[in-house]
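Structure first, commentary second.
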Amino acid sequence: TVAAGGGSLLHFDGRRYRVGPDSAGAEPGPACYRRGGPLTVTDANVMLCRVQPAHCPAGFGPDGDQPLDADAVRERFAALADEIGRATGQRPTEADVAAGFLEIAVLNMANAVKKISVQRGHDITRYALTGFGGAGGQHVCAVADALG
């Protein structure tokens, strides 16, 4: 079992993107949960419209009765893109930032699969890769592609 869960935090350290290993957990949760949480893998999926608030139950916010907050996600990714632009001299789009973080999350998961299988001598082409968890289906094909 390997994961870069939906609550894994997104970091920019001035030079590179990092995902996790720390997590927002369920409380406060991702920024889109309306409880003041940080940007996470879930937020990157919201930014890229892979998670659409209109298709999720209204169970967020302090009283658990509001939809996911896509506006807050866009604002937070815009601020992060500005920070990246200041640090690198080239401002990426918000969508490019979100996609870059998801790529890192996928590579983290693929590297974990390699560590627990390939490095132990297992031929992963002879096994099935199964995705599970809240966002498993969103990432499993990209992980399989990263593993070749």
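Naming works like this for the structure tokens: A, B, ... for the chains as they're shown, residue 1 at the start of each chain, ligands 1 onward in shown order.
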Among the residues of segment 37-119 of chain A, find those DSSP assigns to alpha helix (DSSP H) from the backbone and print them as JSON, numbers by chain. {"A": [41, 42, 43, 44, 45, 46, 47, 70, 71, 72, 73, 74, 75, 76, 77, 78, 79, 80, 81, 82, 83, 84, 85, 86, 87, 88, 94, 95, 96, 97, 98, 99, 100, 101, 102, 103, 104, 105, 106, 107, 108, 109, 110, 111, 112, 113, 114, 115, 116]}
Mind writing the picked residues with N, CA and C atoms as a compact mmCIF listing (two decimals), in the first residue's frame?
# COMPACT_ATOMS: atom_id res chain seq x y z
N VAL A 41 -3.36 17.88 -2.32
CA VAL A 41 -3.59 17.13 -3.56
C VAL A 41 -5.06 17.26 -3.97
N THR A 42 -5.97 17.19 -3.02
CA THR A 42 -7.40 17.36 -3.34
C THR A 42 -7.64 18.71 -4.01
N ASP A 43 -7.02 19.76 -3.49
CA ASP A 43 -7.19 21.09 -4.08
C ASP A 43 -6.65 21.15 -5.50
N ALA A 44 -5.55 20.46 -5.76
CA ALA A 44 -5.02 20.41 -7.13
C ALA A 44 -6.04 19.75 -8.05
N ASN A 45 -6.71 18.72 -7.58
CA ASN A 45 -7.74 18.07 -8.39
C ASN A 45 -8.94 18.99 -8.59
N VAL A 46 -9.29 19.80 -7.58
CA VAL A 46 -10.36 20.79 -7.75
C VAL A 46 -9.93 21.84 -8.77
N MET A 47 -8.69 22.32 -8.66
CA MET A 47 -8.18 23.34 -9.57
C MET A 47 -8.26 22.88 -11.02
N ALA A 70 -14.32 26.11 -4.65
CA ALA A 70 -13.41 26.21 -5.79
C ALA A 70 -12.81 27.61 -5.90
N ASP A 71 -13.53 28.63 -5.47
CA ASP A 71 -12.99 29.99 -5.54
C ASP A 71 -11.77 30.14 -4.63
N ALA A 72 -11.85 29.60 -3.42
CA ALA A 72 -10.70 29.67 -2.51
C ALA A 72 -9.52 28.92 -3.09
N VAL A 73 -9.78 27.80 -3.74
CA VAL A 73 -8.70 27.03 -4.37
C VAL A 73 -8.04 27.85 -5.46
N ARG A 74 -8.83 28.48 -6.32
CA ARG A 74 -8.25 29.30 -7.40
C ARG A 74 -7.43 30.45 -6.83
N GLU A 75 -7.94 31.09 -5.77
CA GLU A 75 -7.21 32.20 -5.15
C GLU A 75 -5.88 31.74 -4.56
N ARG A 76 -5.89 30.60 -3.90
CA ARG A 76 -4.67 30.08 -3.27
C ARG A 76 -3.65 29.66 -4.32
N PHE A 77 -4.12 29.05 -5.43
CA PHE A 77 -3.19 28.67 -6.49
C PHE A 77 -2.67 29.91 -7.21
N ALA A 78 -3.47 30.97 -7.33
CA ALA A 78 -3.00 32.21 -7.94
C ALA A 78 -1.89 32.82 -7.08
N ALA A 79 -2.09 32.82 -5.76
CA ALA A 79 -1.05 33.35 -4.86
C ALA A 79 0.21 32.50 -4.94
N LEU A 80 0.06 31.20 -5.02
CA LEU A 80 1.23 30.33 -5.12
C LEU A 80 1.94 30.53 -6.46
N ALA A 81 1.18 30.70 -7.54
CA ALA A 81 1.79 30.96 -8.84
C ALA A 81 2.57 32.28 -8.82
N ASP A 82 2.02 33.28 -8.11
CA ASP A 82 2.74 34.55 -7.96
C ASP A 82 4.05 34.34 -7.21
N GLU A 83 4.00 33.55 -6.13
CA GLU A 83 5.21 33.27 -5.34
C GLU A 83 6.25 32.54 -6.20
N ILE A 84 5.81 31.57 -6.97
CA ILE A 84 6.72 30.83 -7.85
C ILE A 84 7.31 31.77 -8.90
N GLY A 85 6.49 32.66 -9.43
CA GLY A 85 6.96 33.62 -10.41
C GLY A 85 8.02 34.55 -9.85
N ARG A 86 7.82 35.00 -8.62
CA ARG A 86 8.82 35.87 -7.98
C ARG A 86 10.13 35.10 -7.76
N ALA A 87 10.03 33.86 -7.38
CA ALA A 87 11.23 33.07 -7.06
C ALA A 87 11.99 32.63 -8.31
N THR A 88 11.27 32.38 -9.40
CA THR A 88 11.90 31.81 -10.59
C THR A 88 12.03 32.78 -11.76
N GLU A 94 -2.02 28.96 -12.91
CA GLU A 94 -2.51 28.22 -11.75
C GLU A 94 -2.69 26.74 -12.10
N ALA A 95 -3.22 26.48 -13.30
CA ALA A 95 -3.43 25.09 -13.73
C ALA A 95 -2.10 24.36 -13.88
N ASP A 96 -1.08 25.04 -14.38
CA ASP A 96 0.23 24.41 -14.50
C ASP A 96 0.82 24.07 -13.13
N VAL A 97 0.59 24.93 -12.16
CA VAL A 97 1.08 24.65 -10.81
C VAL A 97 0.37 23.41 -10.25
N ALA A 98 -0.94 23.36 -10.38
CA ALA A 98 -1.70 22.22 -9.88
C ALA A 98 -1.27 20.93 -10.57
N ALA A 99 -1.12 20.98 -11.89
CA ALA A 99 -0.70 19.80 -12.64
C ALA A 99 0.71 19.36 -12.23
N GLY A 100 1.58 20.31 -11.97
CA GLY A 100 2.94 19.98 -11.54
C GLY A 100 2.94 19.26 -10.20
N PHE A 101 2.11 19.73 -9.28
CA PHE A 101 2.03 19.06 -7.98
C PHE A 101 1.45 17.66 -8.12
N LEU A 102 0.45 17.49 -8.98
CA LEU A 102 -0.11 16.14 -9.17
C LEU A 102 0.92 15.21 -9.79
N GLU A 103 1.74 15.73 -10.68
CA GLU A 103 2.80 14.92 -11.27
C GLU A 103 3.77 14.44 -10.19
N ILE A 104 4.10 15.32 -9.27
CA ILE A 104 4.99 14.95 -8.17
C ILE A 104 4.32 13.88 -7.30
N ALA A 105 3.04 14.04 -7.00
CA ALA A 105 2.33 13.05 -6.19
C ALA A 105 2.34 11.69 -6.87
N VAL A 106 2.09 11.67 -8.18
CA VAL A 106 2.09 10.41 -8.93
C VAL A 106 3.48 9.78 -8.90
N LEU A 107 4.51 10.58 -9.11
CA LEU A 107 5.88 10.04 -9.08
C LEU A 107 6.24 9.51 -7.69
N ASN A 108 5.76 10.19 -6.64
CA ASN A 108 5.99 9.69 -5.28
C ASN A 108 5.36 8.31 -5.11
N MET A 109 4.14 8.15 -5.60
CA MET A 109 3.47 6.86 -5.48
C MET A 109 4.18 5.80 -6.32
N ALA A 110 4.58 6.15 -7.54
CA ALA A 110 5.29 5.19 -8.40
C ALA A 110 6.61 4.78 -7.78
N ASN A 111 7.33 5.74 -7.20
CA ASN A 111 8.61 5.40 -6.56
C ASN A 111 8.41 4.49 -5.35
N ALA A 112 7.31 4.68 -4.64
CA ALA A 112 7.03 3.79 -3.50
C ALA A 112 6.74 2.38 -3.99
N VAL A 113 6.01 2.24 -5.09
CA VAL A 113 5.75 0.92 -5.66
C VAL A 113 7.07 0.27 -6.06
N LYS A 114 7.94 1.05 -6.68
CA LYS A 114 9.25 0.50 -7.07
C LYS A 114 10.02 0.03 -5.85
N LYS A 115 9.98 0.81 -4.79
CA LYS A 115 10.75 0.47 -3.60
C LYS A 115 10.26 -0.83 -2.96
N ILE A 116 8.97 -1.04 -2.95
CA ILE A 116 8.45 -2.24 -2.29
C ILE A 116 8.31 -3.44 -3.22
For segment 7-11 of chain A, find every residue with an atom within 6 Å (counting only C-alpha atoms), except residues of its own chain fewer than 2 positions away, and show them as JSON, numbers by chain. {"A": [5, 17, 18, 19, 20, 22, 23, 24, 25, 30, 39, 40, 41]}
Which of chain A fall in strand (DSSP E), as a PyMOL selection string: chain A and resi 8-12+17-23
Output of the above residues as a PDB file, in the first residue's frame, restricted to N, CA, C and O atoms:
ATOM      1  N   SER A   8      -2.454  15.345   1.432  1.00  0.00           N
ATOM      2  CA  SER A   8      -1.013  15.625   1.385  1.00  0.00           C
ATOM      3  C   SER A   8      -0.777  17.084   1.010  1.00  0.00           C
ATOM      4  O   SER A   8      -1.326  17.577   0.025  1.00  0.00           O
ATOM      5  N   LEU A   9       0.045  17.749   1.804  1.00  0.00           N
ATOM      6  CA  LEU A   9       0.284  19.183   1.600  1.00  0.00           C
ATOM      7  C   LEU A   9       1.181  19.451   0.404  1.00  0.00           C
ATOM      8  O   LEU A   9       2.095  18.686   0.117  1.00  0.00           O
ATOM      9  N   LEU A  10       0.910  20.576  -0.257  1.00  0.00           N
ATOM     10  CA  LEU A  10       1.707  21.032  -1.394  1.00  0.00           C
ATOM     11  C   LEU A  10       2.661  22.113  -0.891  1.00  0.00           C
ATOM     12  O   LEU A  10       2.236  23.070  -0.238  1.00  0.00           O
ATOM     13  N   HIS A  11       3.945  21.943  -1.201  1.00  0.00           N
ATOM     14  CA  HIS A  11       4.972  22.888  -0.757  1.00  0.00           C
ATOM     15  C   HIS A  11       5.765  23.393  -1.956  1.00  0.00           C
ATOM     16  O   HIS A  11       6.086  22.627  -2.860  1.00  0.00           O
ATOM     17  N   PHE A  12       6.112  24.666  -1.919  1.00  0.00           N
ATOM     18  CA  PHE A  12       7.103  25.226  -2.837  1.00  0.00           C
ATOM     19  C   PHE A  12       8.177  25.832  -1.960  1.00  0.00           C
ATOM     20  O   PHE A  12       7.906  26.723  -1.155  1.00  0.00           O
ATOM     21  N   TYR A  17       8.869  21.957  -6.261  1.00  0.00           N
ATOM     22  CA  TYR A  17       7.587  21.535  -5.708  1.00  0.00           C
ATOM     23  C   TYR A  17       7.813  20.271  -4.874  1.00  0.00           C
ATOM     24  O   TYR A  17       8.596  19.409  -5.248  1.00  0.00           O
ATOM     25  N   ARG A  18       7.095  20.167  -3.771  1.00  0.00           N
ATOM     26  CA  ARG A  18       7.113  18.950  -2.964  1.00  0.00           C
ATOM     27  C   ARG A  18       5.688  18.633  -2.537  1.00  0.00           C
ATOM     28  O   ARG A  18       4.884  19.540  -2.313  1.00  0.00           O
ATOM     29  N   VAL A  19       5.389  17.334  -2.432  1.00  0.00           N
ATOM     30  CA  VAL A  19       4.079  16.888  -1.976  1.00  0.00           C
ATOM     31  C   VAL A  19       4.286  16.020  -0.747  1.00  0.00           C
ATOM     32  O   VAL A  19       5.018  15.034  -0.800  1.00  0.00           O
ATOM     33  N   GLY A  20       3.633  16.411   0.363  1.00  0.00           N
ATOM     34  CA  GLY A  20       3.747  15.653   1.611  1.00  0.00           C
ATOM     35  C   GLY A  20       5.160  15.689   2.145  1.00  0.00           C
ATOM     36  O   GLY A  20       5.974  16.498   1.730  1.00  0.00           O
ATOM     37  N   PRO A  21       5.499  14.834   3.067  1.00  0.00           N
ATOM     38  CA  PRO A  21       4.667  13.755   3.586  1.00  0.00           C
ATOM     39  C   PRO A  21       3.626  14.218   4.596  1.00  0.00           C
ATOM     40  O   PRO A  21       2.767  13.444   5.001  1.00  0.00           O
ATOM     41  N   ASP A  22       3.666  15.491   5.003  1.00  0.00           N
ATOM     42  CA  ASP A  22       2.688  15.977   5.960  1.00  0.00           C
ATOM     43  C   ASP A  22       1.315  16.102   5.311  1.00  0.00           C
ATOM     44  O   ASP A  22       1.193  16.200   4.102  1.00  0.00           O
ATOM     45  N   SER A  23       0.298  16.080   6.144  1.00  0.00           N
ATOM     46  CA  SER A  23      -1.074  16.038   5.651  1.00  0.00           C
ATOM     47  C   SER A  23      -1.958  17.013   6.420  1.00  0.00           C
ATOM     48  O   SER A  23      -1.762  17.233   7.609  1.00  0.00           O
TER      49      SER A  23
END
Hey, can you check how far atom CA of Ala142 of chain A sits from atom CA of Ala128 of chain A?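 Going from atom CA of Ala142 of chain A over to atom CA of Ala128 of chain A covers 14.0 Å.
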Spatial neighbours of Gly64 of chain A, max dist 10 Å, only C-alpha atoms, sep filter under 6 positions, as a PyMOL selection string: chain A and resi 33-35+57-58
At what distance in Å, to one decimal, does atom CA of Thr93 of chain A lie from atom CA of Arg15 of chain A? 16.5 Å
From A:Val140, A:Ala54, A:Ala135, A:Leu147, residue lying nearest Asp123 of chain A [only C-alpha atoms]: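 Among A:Val140, A:Ala54, A:Ala135, A:Leu147, it is A:Leu147 that comes nearest to Asp123 of chain A.
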